[in-house]
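In what follows, a single structure is set out as structure tokens and then discussed.
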Protein chains: 4
Amino acid sequence: MLDGEQYRKSLDDGRVIYFEGARVPDLAEHPLLGRAVDTVADGYDHWYDPREDARNPLTNVSASSADLQAMLPLFDEADGLLNLTYQTIMCLLTASSRIGDSDAPYPARMAAYVRDLQANDLRSALCITDAKGNRSLPPLRQEDPDAYLRVVDRRPDGVVIRGAKLHITAGALAHDFLVMPTKAMKPGEEDYAICCSVPIGSPGVSVVCRTSAARVEDTRDFPVSRDGVLSEGFVIFDDVFVPNDRIFLDGEVEHAAVFAHSLGLWERLKALTFMADDADVLVGLAQLIADANGLTRVPHIREKINDIIIYATLVRSGLLAAVSSSKVTPEGVAVPDECFTNAAKFYGAENYAVMVRHLHDIAGGSVVTAPSMADFDNAEIGPLVEKYMATGSGVTGRYRTALMHAIRDLTADTYGGHNAVIQLQAGGGLHAQRLVTRKHYDMAGAKRRALERTRLEAPASA
Amino acid sequence: MLDGEQYRKSLDDGRVIYFEGARVPDLAEHPLLGRAVDTVADGYDHWYDPREDARNPLTNVSASSADLQAMLPLFDEADGLLNLTYQTIMCLLTASSRIGDSDAPYPARMAAYVRDLQANDLRSALCITDAKGNRSLPPLRQEDPDAYLRVVDRRPDGVVIRGAKLHITAGALAHDFLVMPTKAMKPGEEDYAICCSVPIGSPGVSVVCRTSAARVEDTRDFPVSRDGVLSEGFVIFDDVFVPNDRIFLDGEVEHAAVFAHSLGLWERLKALTFMADDADVLVGLAQLIADANGLTRVPHIREKINDIIIYATLVRSGLLAAVSSSKVTPEGVAVPDECFTNAAKFYGAENYAVMVRHLHDIAGGSVVTAPSMADFDNAEIGPLVEKYMATGSGVTGRYRTALMHAIRDLTADTYGGHNAVIQLQAGGGLHAQRLVTRKHYDMAGAKRRALERTRLEAPASA
Amino acid sequence: MLDGEQYRKSLDDGRVIYFEGARVPDLAEHPLLGRAVDTVADGYDHWYDPREDARNPLTNVSASSADLQAMLPLFDEADGLLNLTYQTIMCLLTASSRIGDSDAPYPARMAAYVRDLQANDLRSALCITDAKGNRSLPPLRQEDPDAYLRVVDRRPDGVVIRGAKLHITAGALAHDFLVMPTKAMKPGEEDYAICCSVPIGSPGVSVVCRTSAARVEDTRDFPVSRDGVLSEGFVIFDDVFVPNDRIFLDGEVEHAAVFAHSLGLWERLKALTFMADDADVLVGLAQLIADANGLTRVPHIREKINDIIIYATLVRSGLLAAVSSSKVTPEGVAVPDECFTNAAKFYGAENYAVMVRHLHDIAGGSVVTAPSMADFDNAEIGPLVEKYMATGSGVTGRYRTALMHAIRDLTADTYGGHNAVIQLQAGGGLHAQRLVTRKHYDMAGAKRRALERTRLEAPASA
Amino acid sequence: MLDGEQYRKSLDDGRVIYFEGARVPDLAEHPLLGRAVDTVADGYDHWYDPREDARNPLTNVSASSADLQAMLPLFDEADGLLNLTYQTIMCLLTASSRIGDSDAPYPARMAAYVRDLQANDLRSALCITDAKGNRSLPPLRQEDPDAYLRVVDRRPDGVVIRGAKLHITAGALAHDFLVMPTKAMKPGEEDYAICCSVPIGSPGVSVVCRTSAARVEDTRDFPVSRDGVLSEGFVIFDDVFVPNDRIFLDGEVEHAAVFAHSLGLWERLKALTFMADDADVLVGLAQLIADANGLTRVPHIREKINDIIIYATLVRSGLLAAVSSSKVTPEGVAVPDECFTNAAKFYGAENYAVMVRHLHDIAGGSVVTAPSMADFDNAEIGPLVEKYMATGSGVTGRYRTALMHAIRDLTADTYGGHNAVIQLQAGGGLHAQRLVTRKHYDMAGAKRRALERTRLEAPASA
């Protein structure tokens with residue numbers, strides 16, 4: 001296993017990173033992106049185990065519903081990039097099972113690659129969403145044929161790919177990218193049916209970064225986003241060579257969607273876990289600020305907190321139901337229930353904005369107008385700010401103001417806006433989650449139940 | 001065990017039943033209420049087992065989460081009165097455990113009464129909600145002290161009770177009533193802290209009935225409510241004597257709420273099961289009518305069906321999470337999780353009206369304007385009605401019209417209105433379910449999680 | 001003008017009416033449908049003016065926004081069939097203006113027909129929705145070419161039409177039907193582009209009726225639906241001859257949708273007025289039952305009433321904005337704003353179900369379990385029912401129970417279900433209202449405003 | 001009238017401003033706050049008219065509903081501080097009318113002060129919300145008696161006040177503060193019933209500022225917040241002397257709430273206008289980004305845009321109804337309808353978060369992951385970023401990316417979070433708007449209408 005220092009060194013692999021118009025010479029030293037490097041490095045230190053055959057527990061495969069249940073707390077314990085690595089592994093194993101036993105070399109390559117990730121303690125980010133051009137047109141009808149990533153050359157030892165992948169969380173921080181088609185492909189679109197793993201330092205790969213990390217020097221006003229925030233990336237593959245053993249699909253259009261679907265399930269399971277935890281955080285913040293404001297017993301405040309409680313409980317019930325209804329694949333991998341996962345993810349994403357509104361309604365305008373923490377340190381104005389932000393009974397102005405900043409940072413500032421969009425879009429937007437829920441819902445059973453309840457005979461046309 | 005015929009005979013126990021201003025001389029022969037008797041009698045026949053020690057499987061106690069899970073399908077299989085009997089038993093066992101081991105004679109009496117119900121295959125209905133008078137005043141401040149049921153006399157061999165209980169499903173059909181306080185009581189309100197079991201034929205008991213069963217002679221337009229609908233009752237206890245061995249609480253105000261809370265959980269579990277099934281029925285009807293209308297591929301129709309699918313899936317996930325998180329009491333009774341049960345019940349009740357609206361939106365105005373089934377039989381107009389209600393591809397006008405009546409009967413007519421109110425109010429209205437969810441939610445954990453996520457220290461005031 | 005008695009006599013015009021499988025020999029004498037006749041006859045008496053040139057004020061045309069505003073209270077004062085007659089007139093005048101000055105004889109015929117309706121004090125019902133067959137197929141691709149009403153023969157003196165029209169409110173009670181295409185038609189569909197007026201007694205016309213009027217003998221439990229409820233009809237045109245002067249469009253496919261669109265606006269204006277009034281009724285009932293239950297000061301009850309208040313206020317603000325933004329056509333007819341009318345109608349229809357849920361939540365289970373009014377008359381049980389339904393401070397059991405029945409009848413029984421579907425579907429379902437709102441919304445203005453606010457230049461592609 | 005340069009000079013009045021812990025020596029030169037000064041100065045230049053008796057048109061009083069209607073576009077044209085000045089004037093005139101003709105000197109002082117503001121072209125900010133301490137306790141029961149601003153000394157020539165006022169938009173930029181009680185006061189709370197005007201440079205006044213202006217050097221990624229954003233302030237009155245002619249209420253507790261209520265109406269009218277415009281902006285952005293993404297014809301995208309259209313139309317209908325239903329006071333001031341204003345403001349605030357969610361759902365993850373505008377200028381990566389952000393048909397990557405930044409800046413970043421809280425809290429939170437709507441709703445009329453509709457007699461208890 002690697003420790004944090006070894007991870008930092010591993011970044012010196014020729015990776016090409018841009019930020020706000022300029023090439024980033026040294027990622028770890030960058031004032032904003034460097035904090036994301038720190039977060040990942042801290043993660044390596046946290047999990048480090050010097051024993052030779054040690055491997056990160058979040059790269060393990062769950063063989064049962066109970067195993068998977070036990071894995072959930074690790075999602076929280078791990079940083080975002082380690083979670084992505086877990087999703088990479090689970091995506092490959094789920095896809096491998098769904099593609100089935102074929103003569104193709106892919107299952108063996110996937111298994112070998114998974115072992116490689118585990119053994120070398122590498123981190124992988126996921127490249128799905130294509131540039132897409134005009135969303136209403138298929139790849140071959142785009143003005144620019146590269147709007148979807150594709151194979152532009154085939155050689156005996158591998159393929160050359162070209163295209164861009166969007167919304168790549170931790171894009172600048174990983175060792176490898178798992179690249180896969182963003183959607184199903186049809187006959188004729190073989191060049192677009194490519195799944196492969198690409199080291200970030202490969203010639204032709206560039207990452208254009210963004211971050212929602214706090215930009216203010218005194219970060220006390222940004223208790224959430226001052227660290228721990230990974231960068232987002234726009235990854236460009238400008239004629240990148242991929243050797244054969246890194247290719248997991250090439251041209252089999254009938255399987256093009258399997259990877260994104262497999263990944264989607266694990267992404268949403270992670271998103272659901274995060275959402276369930278965040279929902280509890282919203283409840284906690286709402287109650288803490290209500291306590292601090294002296295509003296604990298006001299009926300409409302209580303009702304709003306109760307709404308968040310019910311939201312949090314329902315999201316968690318979806319997570320629990322999904323995991324407790326896991327199916328184990330023939331290969332021995334416990335896979336959560338698609339229907340419960342997606343329905344709960346949809347519900348959580350659909351209602352997150354309203355829960356944040358409740359929190360803002362409870363907390364009041366000070367969420368965005370409270371003095372900065374630095375104002376408390378000023379000799380002249382500090383004592384007055386403390387006097388007027390305090391609410392009595394031991395609630396200091398400093399604590400209450402810090403709570404306001406926490407709420408703002410989490411829900412009403414750069415990181416908060418980023419978080420709102422991510423809660424909505426992670427694992428696909430609302431529409432996608434609805435479609436997947438429907439796809440896995442037992443519609444035949446529902447029809448049967450409806451006919452029984454109303455004592456009708458099934459129609460001849462059914 | 002009793003069979004249906006024996007049940008019918010058992011109704012001849014002197015019970016006093018009123019319906020629309022008149023005394024009902026023979027319940028089984030009543031044109032509307034008699035159909036409810038048929039339903040219960042059919043249930044007896046369904047479960048009948050002639051062996052001496054046989055007992056109804058829905059009177060068994062679940063000893064584990066898995067047992068309880070296995071019990072759920074029986075809720076559907078059983079008629080409403082048998083379900084109430086099950087709830088009576090589970091309420092007594094849960095309450096007995098919550099009251100704890102005391103010197104009081106109550107636990108032994110409850111256990112004996114449960115055995116009695118099981119052994120004699122009796123049915124019990126539940127009497128909770130009091131007349132209540134002015135809802136903003138406690139019992140002792142009411143103009144009429146009988147607004148809450150109370151003990152008006154105490155004798156060595158028992159007590160005399162007076163009051164009325166509302167919304168008593170199957171009130172006219174049961175053998176016994178389990179009577180309990182509707183809410184917590186305070187010192188001074190000892191006379192109102194009474195829980196007991198009362199045979200329906202006891203002198204002083206009257207039941208004033210209502211029904212949402214179909215009143216139309218040709219019941220083909222009422223495929224749901226033409227049978228299976230139990231009556232609702234308003235039960236009056238006009239100085240009714242209750243012997244000591246039927247008294248399960250008398251004056252211990254600190255335990256007054258335990259019975260209603262215990263029952264509430266089991267009522268809501270049943271309601272949740274029914275709601276989850278009904279949600280699937282709504283999906284099925286929506287899809288069947290969309291199919292019959294030729295709207296299967298219309299996007300906004302699909303979106304509405306998808307909404308109902310997500311609703312159905314979330315309600316069921318709450319049910320699953322509640323049961324899989326059951327706790328087993330020291331006495332060996334598996335009790336579902338309060339928080340998941342109540343949150344899902346709240347969500348289901350809150351959104352039921354919108355799901356019905358979706359169904360109406362998909363089905364169209366014919367839900368309330370379609371010709372009656374009898375019109376199809378008319379020699380002159382029948383063929384034209386068939387011609388114009390048909391939609392081609394084998395969808396006959398008769399089938400499609402029957403589907404419209406099914407939707408109307410279930411959701412937009414007497415039974416449908418009744419059902420909507422029941423889905424909302426069963427186990428207490430929305431507010432009650434919110435309060436119970438909050439009561440059982442881990443608020444301390446949520447606060448801790450919020451402080452950790454925002455890296456704040458707990459306030460001195462907490 | 002006609003009085004009620006003359007209206008009754010006018011029904012003896014050979015009309016062919018069916019109800020639940022049987023021909024209705026005398027509409028006015030029918031136990032259920034006769035009550036609808038009473039309602040219309042009462043309306044005739046109400047407006048009757050013996051002067052020779054008198055005419056019903058609701059057949060007048062508004063020439064300004066203020067005129068139209070002053071017309072609104074007449075909508076409430078008039079029965080449903082008179083409202084439909086008004087809509088017939090306004091539909092024809094609006095359509096006539098939209099079709100514009102052409103050489104066709106239609107405008108003159110429409111004007112003459114409007115004068116005829118006014119002068120002879122006739123009532124007209126509206127026939128729009130076709131049988132439609134498979135909704136995903138156009139008329140010519142239906143299995144049955146009559147799925148949309150069409151011209152099956154053309155003669156020098158008129159045309160012969162065949163088809164059925166659904167959801168025809170007051171279908172059995174009118175003198176004439178205004179028949180129009182349900183949607184836009186395309187070249188090739190000329191036979192379906194037919195608009196005409198047909199007397200109900202014309203050979204070949206049959207009406208198959210339904211009603212949501214109360215069927216119970218003692219109608220005190222049905223204070224809303226015991227009278228005033230019009231029948232719904234399924235009108236069949238089985239090769240009906242229409243003379244030329246009654247034809248308002250025949251084959252001009254480019255104008256096929258104009259009538260339905262013109263009517264839609266006036267239907268929705270009426271529906272919006274009804275909805276705004278009904279919303280106030282929901283507020284009133286909610287407050288009255290909260291008062292009667294002693295819940296006036298309970299916070300969550302107040303919040304729910306406040307929600308209905310805001311709903312009622314918003315629906316009314318849409319109505320006011322629509323009327324105050326009326327445009328006057330070149331012919332001098334004030335036409336309400338489409339965008340405000342449809343948006344408010346959509347909002348009202350979308351949220352009606354939730355407002356009813358609030359009312360049920362406030363009123364409690366007694367909405368469906370309260371004793372019947374007849375129970376109060378019973379010498380034995382009546383006093384006890386009164387005792388326990390009363391809540392003190394002068395709130396009698398009888399009054400409170402009557403209120404419960406009012407709520408049930410209006411929102412949770414046959415009429416209530418019918419009303420819910422009608423509120424949703426009148427003037428087209430939710431989707432249709434959304435589309436019309438969008439069609440009339442100033443999208444170019446919104447884009448311009450967005451670009452200004454964000455200081456972007458308009459894209460080259462726009 | 002003053003021009004921009006004169007305004008800048010007027011800031012040199014000894015005002016004491018703090019920002020992030022430090023005293024601000026020169027407001028106009030401050031890198032962040034200076035941009036707000038620019039905005040106000042630009043406003044002065046925009047309206048400047050050199051004629052002697054010229055005065056700003058937004059300080060005029062509307063004498064009729066039509067006048068008020070014509071005033072609305074000026075709200076948009078004016079900067080935020082000028083709007084606050086208008087609200088100051090309207091608040092004083094409305095309050096003066098509501099307090100009525102009394103012997104007190106207040107009406108004359110208010111009139112004189114209004115003339116002073118108009119004549120000298122001054123700007124006033126509004127100080128309402130107190131520090132409040134524990135929100136569940138009244139002023140006199142607070143640990144710190146200064147939690148609500150109060151008179152601490154009375155002198156022949158004026159009073160001395162102490163306290164803090166929160167959420168003071170443009171707090172650092174105005175010339176005067178209009179200070180008023182945040183709520184109704186009771187006998188005994190006379191010291192808290194103080195309304196007065198205070199020049200910002202008065203000894204003892206300090207303003208602690210915050211801003212949501214963009215902090216990034218290259219502001220192309222912040223097209224909305226790069227200028228035009230006013231600062232928020234926390235204003236401390238540390239024993240400030242106020243001369244008699246600036247005192248508009250002092251001790252008359254019965255009138256304490258009049259000022260806040262009067263202001264509330266005008267604040268909400270402004271907020272509603274802003275909300276209606278912003279709603280159109282959301283529609284425009286949603287359509288522009290859907291166009292740019294090639295999603296114009298995708299059904300679920302259209303549905304979401306339609307939802308925003310209906311929202312925008314309803315908010316505007318509330319605004320129109322409020323203004324067209326204005327009442328003119330005896331003093332000749334047209335005052336908008338409270339009920340429509342508050343209901344629409346509530347609806348707009350309640351649903352804003354969901355409309356933003358729709359926009360994010362339509363735009364996709366690029367809202368927070370799109371490359372920065374500077375990346376387009378980079379010689380190496382710029383062309384590739386352009387290639388992959390473009391979507392064909394003339395939609396350049398640069399334009400589409402700028403649109404993404406506009407959406408992010410407006411709705412998902414520092415300014416967006418600030419805006420979301422302000423839309424919710426401006427003029428009081430959701431609960432306050434509900435209460436005011438109810439207060440002005442015609443409840444007696446609703447009860448009467450309910451009784452008529454259900455043919456019930458009014459209860460004896462009513």
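Residue names in the structure tokens use chain letters A, B, ... in the order shown, residue numbers from 1 in each chain, and ligand numbers from 1 in the order shown.
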Query raised in the report: Which residues of chain B are close to chain C, meaning at most 7 Å apart when you count only C-alpha atoms, and how do they look as a ChimeraX atom specification?
Result: /B:20-22,131,133-136,143,147,164,167,208-210,232-233,293-295,353-354,357,360-361,364-366,368-369,371-372,374-378,388-392,412-414,417-418,421,425,429
Requested in this report: Just list the residues in range 194-406 of chain C DSSP gives alpha helix (DSSP H) on the backbone, as an MDAnalysis selection string.
Outcome: chainID C and resid 256:293 299:324 338:363 366:369 373:377 382:389 397:406
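Secondary structure by DSSP on the backbone puts the following residues of range 26-168 of chain A in strand (DSSP E): Ser124, Ala125, Leu126, Cys127, Arg150, Val151, Val152, Asp153, Arg154, Arg155, Gly158, Val159, Val160, Ile161, Arg162, Gly163, Ala164, Lys165, Leu166, His167 and Ile168 of chain A.
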Query - Atom-to-atom span, CA of Val242 in chain C and CA of Val159 in chain C, Å - result: 5.3 Å
Report task. Pick out the residues sitting within 9 Å of Tyr86 in chain B, and hand them over as a list of chain:residue names; count only C-alpha atoms, and ignore anything fewer than 6 positions along from it in its own chain. Result -> B:Leu58, B:Thr59, B:Asn60, B:Val61, B:Arg123, B:Ser124, B:Trp266
Write the residues of the preceding selection, restricted to all heavy atoms, as a short mmCIF file (atom, residue, chain, number, x, y, z; two decimals), in the first residue's frame.
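Generated output (again16.cif):
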data_model
loop_
_atom_site.label_atom_id
_atom_site.label_comp_id
_atom_site.auth_asym_id
_atom_site.auth_seq_id
_atom_site.Cartn_x
_atom_site.Cartn_y
_atom_site.Cartn_z
N LEU B 58 -52.95 -15.88 11.59
CA LEU B 58 -52.76 -14.44 11.79
C LEU B 58 -52.96 -14.04 13.25
O LEU B 58 -52.97 -12.86 13.60
CB LEU B 58 -53.67 -13.62 10.88
CG LEU B 58 -53.11 -12.21 10.60
CD1 LEU B 58 -51.89 -12.29 9.70
CD2 LEU B 58 -54.15 -11.30 9.99
N THR B 59 -53.11 -15.02 14.11
CA THR B 59 -53.11 -14.66 15.54
C THR B 59 -51.79 -15.06 16.18
O THR B 59 -51.62 -14.94 17.40
CB THR B 59 -54.28 -15.35 16.29
OG1 THR B 59 -54.08 -16.77 16.25
CG2 THR B 59 -55.61 -15.01 15.65
N ASN B 60 -50.85 -15.51 15.35
CA ASN B 60 -49.54 -15.90 15.87
C ASN B 60 -48.65 -14.68 16.08
O ASN B 60 -48.84 -13.64 15.45
CB ASN B 60 -48.84 -16.82 14.87
CG ASN B 60 -49.49 -18.19 14.86
OD1 ASN B 60 -50.13 -18.59 15.84
ND2 ASN B 60 -49.37 -18.90 13.75
N VAL B 61 -47.67 -14.87 16.92
CA VAL B 61 -46.73 -13.80 17.25
C VAL B 61 -45.43 -14.04 16.51
O VAL B 61 -44.95 -15.17 16.46
CB VAL B 61 -46.49 -13.77 18.77
CG1 VAL B 61 -45.40 -12.78 19.14
CG2 VAL B 61 -47.80 -13.46 19.48
N ARG B 123 -63.24 -12.52 17.00
CA ARG B 123 -62.76 -11.33 16.31
C ARG B 123 -62.95 -10.13 17.22
O ARG B 123 -64.02 -9.99 17.85
CB ARG B 123 -63.54 -11.10 15.00
CG ARG B 123 -63.39 -12.17 13.95
CD ARG B 123 -61.98 -12.17 13.34
NE ARG B 123 -61.90 -13.16 12.26
CZ ARG B 123 -61.48 -14.43 12.43
NH1 ARG B 123 -61.12 -14.85 13.63
NH2 ARG B 123 -61.43 -15.25 11.40
N SER B 124 -61.95 -9.26 17.22
CA SER B 124 -62.01 -8.08 18.08
C SER B 124 -61.82 -6.81 17.25
O SER B 124 -60.97 -6.77 16.36
CB SER B 124 -60.90 -8.17 19.14
OG SER B 124 -60.74 -6.94 19.80
N TRP B 266 -48.84 -0.91 15.17
CA TRP B 266 -49.33 -2.08 14.40
C TRP B 266 -50.39 -1.67 13.39
O TRP B 266 -50.46 -2.22 12.28
CB TRP B 266 -49.86 -3.15 15.37
CG TRP B 266 -48.74 -3.74 16.14
CD1 TRP B 266 -48.34 -3.42 17.40
CD2 TRP B 266 -47.79 -4.71 15.67
NE1 TRP B 266 -47.22 -4.12 17.77
CE2 TRP B 266 -46.86 -4.94 16.73
CE3 TRP B 266 -47.62 -5.43 14.48
CZ2 TRP B 266 -45.79 -5.84 16.61
CZ3 TRP B 266 -46.56 -6.31 14.35
CH2 TRP B 266 -45.67 -6.52 15.40
#
Query raised in the report: Looking at only C-alpha atoms, which of B:Gly445, B:Val37, B:Leu269, B:Asp250 is the one that sits closest to Met71 in chain B?
Result: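 Smallest distance to Met71 in chain B is found for B:Leu269.
Note that CA of Val283 in chain A and CA of Ala446 in chain B are 6.2 Å apart.
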Query raised in the report: Rounded to one decimal in Å, what is the spacing between CA of Ala193 in chain B and CA of Ser96 in chain B?
Result: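 These atoms are spaced 15.4 Å apart.
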Please provide as a tab-separated table (two decimals) with all heavy atoms, in the first residue's frame all residues within 8 Å of Ile308 in chain A, with the sequence filter that same-chain residues fewer than 2 positions apart are discarded (counting only C-alpha atoms).
chain	number	residue	atom	x	y	z
A	279	ALA	N	-28.69	14.30	4.73
A	279	ALA	CA	-30.04	14.60	5.21
A	279	ALA	C	-30.03	14.69	6.74
A	279	ALA	O	-30.64	15.59	7.32
A	279	ALA	CB	-31.03	13.54	4.73
A	282	LEU	N	-28.56	17.94	7.63
A	282	LEU	CA	-29.53	19.03	7.50
A	282	LEU	C	-30.45	19.08	8.73
A	282	LEU	O	-30.73	20.16	9.26
A	282	LEU	CB	-30.38	18.89	6.23
A	282	LEU	CG	-29.67	19.07	4.89
A	282	LEU	CD1	-30.67	18.95	3.74
A	282	LEU	CD2	-28.94	20.39	4.79
A	283	VAL	N	-30.91	17.92	9.17
A	283	VAL	CA	-31.73	17.88	10.38
A	283	VAL	C	-30.94	18.46	11.56
A	283	VAL	O	-31.44	19.32	12.30
A	283	VAL	CB	-32.14	16.43	10.74
A	283	VAL	CG1	-32.84	16.41	12.11
A	283	VAL	CG2	-33.04	15.83	9.68
A	304	LYS	N	-41.14	22.21	10.10
A	304	LYS	CA	-40.12	22.19	9.04
A	304	LYS	C	-39.02	21.18	9.39
A	304	LYS	O	-38.55	20.46	8.53
A	304	LYS	CB	-39.57	23.59	8.82
A	304	LYS	CG	-40.53	24.45	8.01
A	304	LYS	CD	-40.30	25.94	8.16
A	304	LYS	CE	-41.53	26.69	7.59
A	304	LYS	NZ	-41.61	28.09	8.04
A	305	ILE	N	-38.63	21.17	10.65
A	305	ILE	CA	-37.63	20.17	11.05
A	305	ILE	C	-38.21	18.77	10.87
A	305	ILE	O	-37.53	17.86	10.39
A	305	ILE	CB	-37.16	20.42	12.50
A	305	ILE	CG1	-36.43	21.78	12.58
A	305	ILE	CG2	-36.25	19.29	12.97
A	305	ILE	CD1	-36.01	22.19	13.98
A	306	ASN	N	-39.46	18.59	11.24
A	306	ASN	CA	-40.09	17.28	11.06
A	306	ASN	C	-40.09	16.86	9.60
A	306	ASN	O	-39.88	15.68	9.28
A	306	ASN	CB	-41.53	17.30	11.59
A	306	ASN	CG	-41.58	17.43	13.10
A	306	ASN	OD1	-40.54	17.38	13.76
A	306	ASN	ND2	-42.77	17.60	13.64
A	310	ILE	N	-38.43	13.43	8.17
A	310	ILE	CA	-39.11	12.42	7.36
A	310	ILE	C	-38.35	12.17	6.06
A	310	ILE	O	-38.18	11.04	5.62
A	310	ILE	CB	-40.58	12.83	7.13
A	310	ILE	CG1	-41.34	12.56	8.43
A	310	ILE	CG2	-41.20	12.08	5.97
A	310	ILE	CD1	-42.74	13.10	8.48
A	311	TYR	N	-37.86	13.25	5.48
A	311	TYR	CA	-37.02	13.13	4.28
A	311	TYR	C	-35.81	12.24	4.58
A	311	TYR	O	-35.52	11.29	3.84
A	311	TYR	CB	-36.59	14.53	3.85
A	311	TYR	CG	-35.50	14.61	2.81
A	311	TYR	CD1	-35.80	14.44	1.46
A	311	TYR	CD2	-34.18	14.88	3.16
A	311	TYR	CE1	-34.81	14.55	0.49
A	311	TYR	CE2	-33.19	14.99	2.20
A	311	TYR	CZ	-33.50	14.81	0.87
A	311	TYR	OH	-32.52	14.91	-0.08
A	312	ALA	N	-35.11	12.54	5.65
A	312	ALA	CA	-33.90	11.78	5.99
A	312	ALA	C	-34.24	10.31	6.23
A	312	ALA	O	-33.51	9.40	5.81
A	312	ALA	CB	-33.24	12.38	7.23
A	355	MET	N	-35.57	20.86	1.15
A	355	MET	CA	-35.02	20.68	2.50
A	355	MET	C	-34.05	21.81	2.83
A	355	MET	O	-34.04	22.34	3.94
A	355	MET	CB	-34.32	19.32	2.64
A	355	MET	CG	-35.24	18.14	2.42
A	355	MET	SD	-36.71	18.17	3.53
A	355	MET	CE	-38.03	17.96	2.33
A	358	HIS	N	-36.06	24.75	3.72
A	358	HIS	CA	-36.50	24.66	5.12
A	358	HIS	C	-35.39	25.16	6.06
A	358	HIS	O	-35.64	25.92	6.98
A	358	HIS	CB	-36.84	23.21	5.49
A	358	HIS	CG	-38.19	22.76	5.07
A	358	HIS	ND1	-39.31	23.57	5.10
A	358	HIS	CD2	-38.64	21.57	4.62
A	358	HIS	CE1	-40.37	22.90	4.70
A	358	HIS	NE2	-40.00	21.69	4.39
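Residues in contact with Ser324 in chain C at 7 Å, where only C-alpha atoms are counted and same-chain residues fewer than 3 positions away are skipped, are listed as Ser65, Leu320 and Ala321 of chain C.
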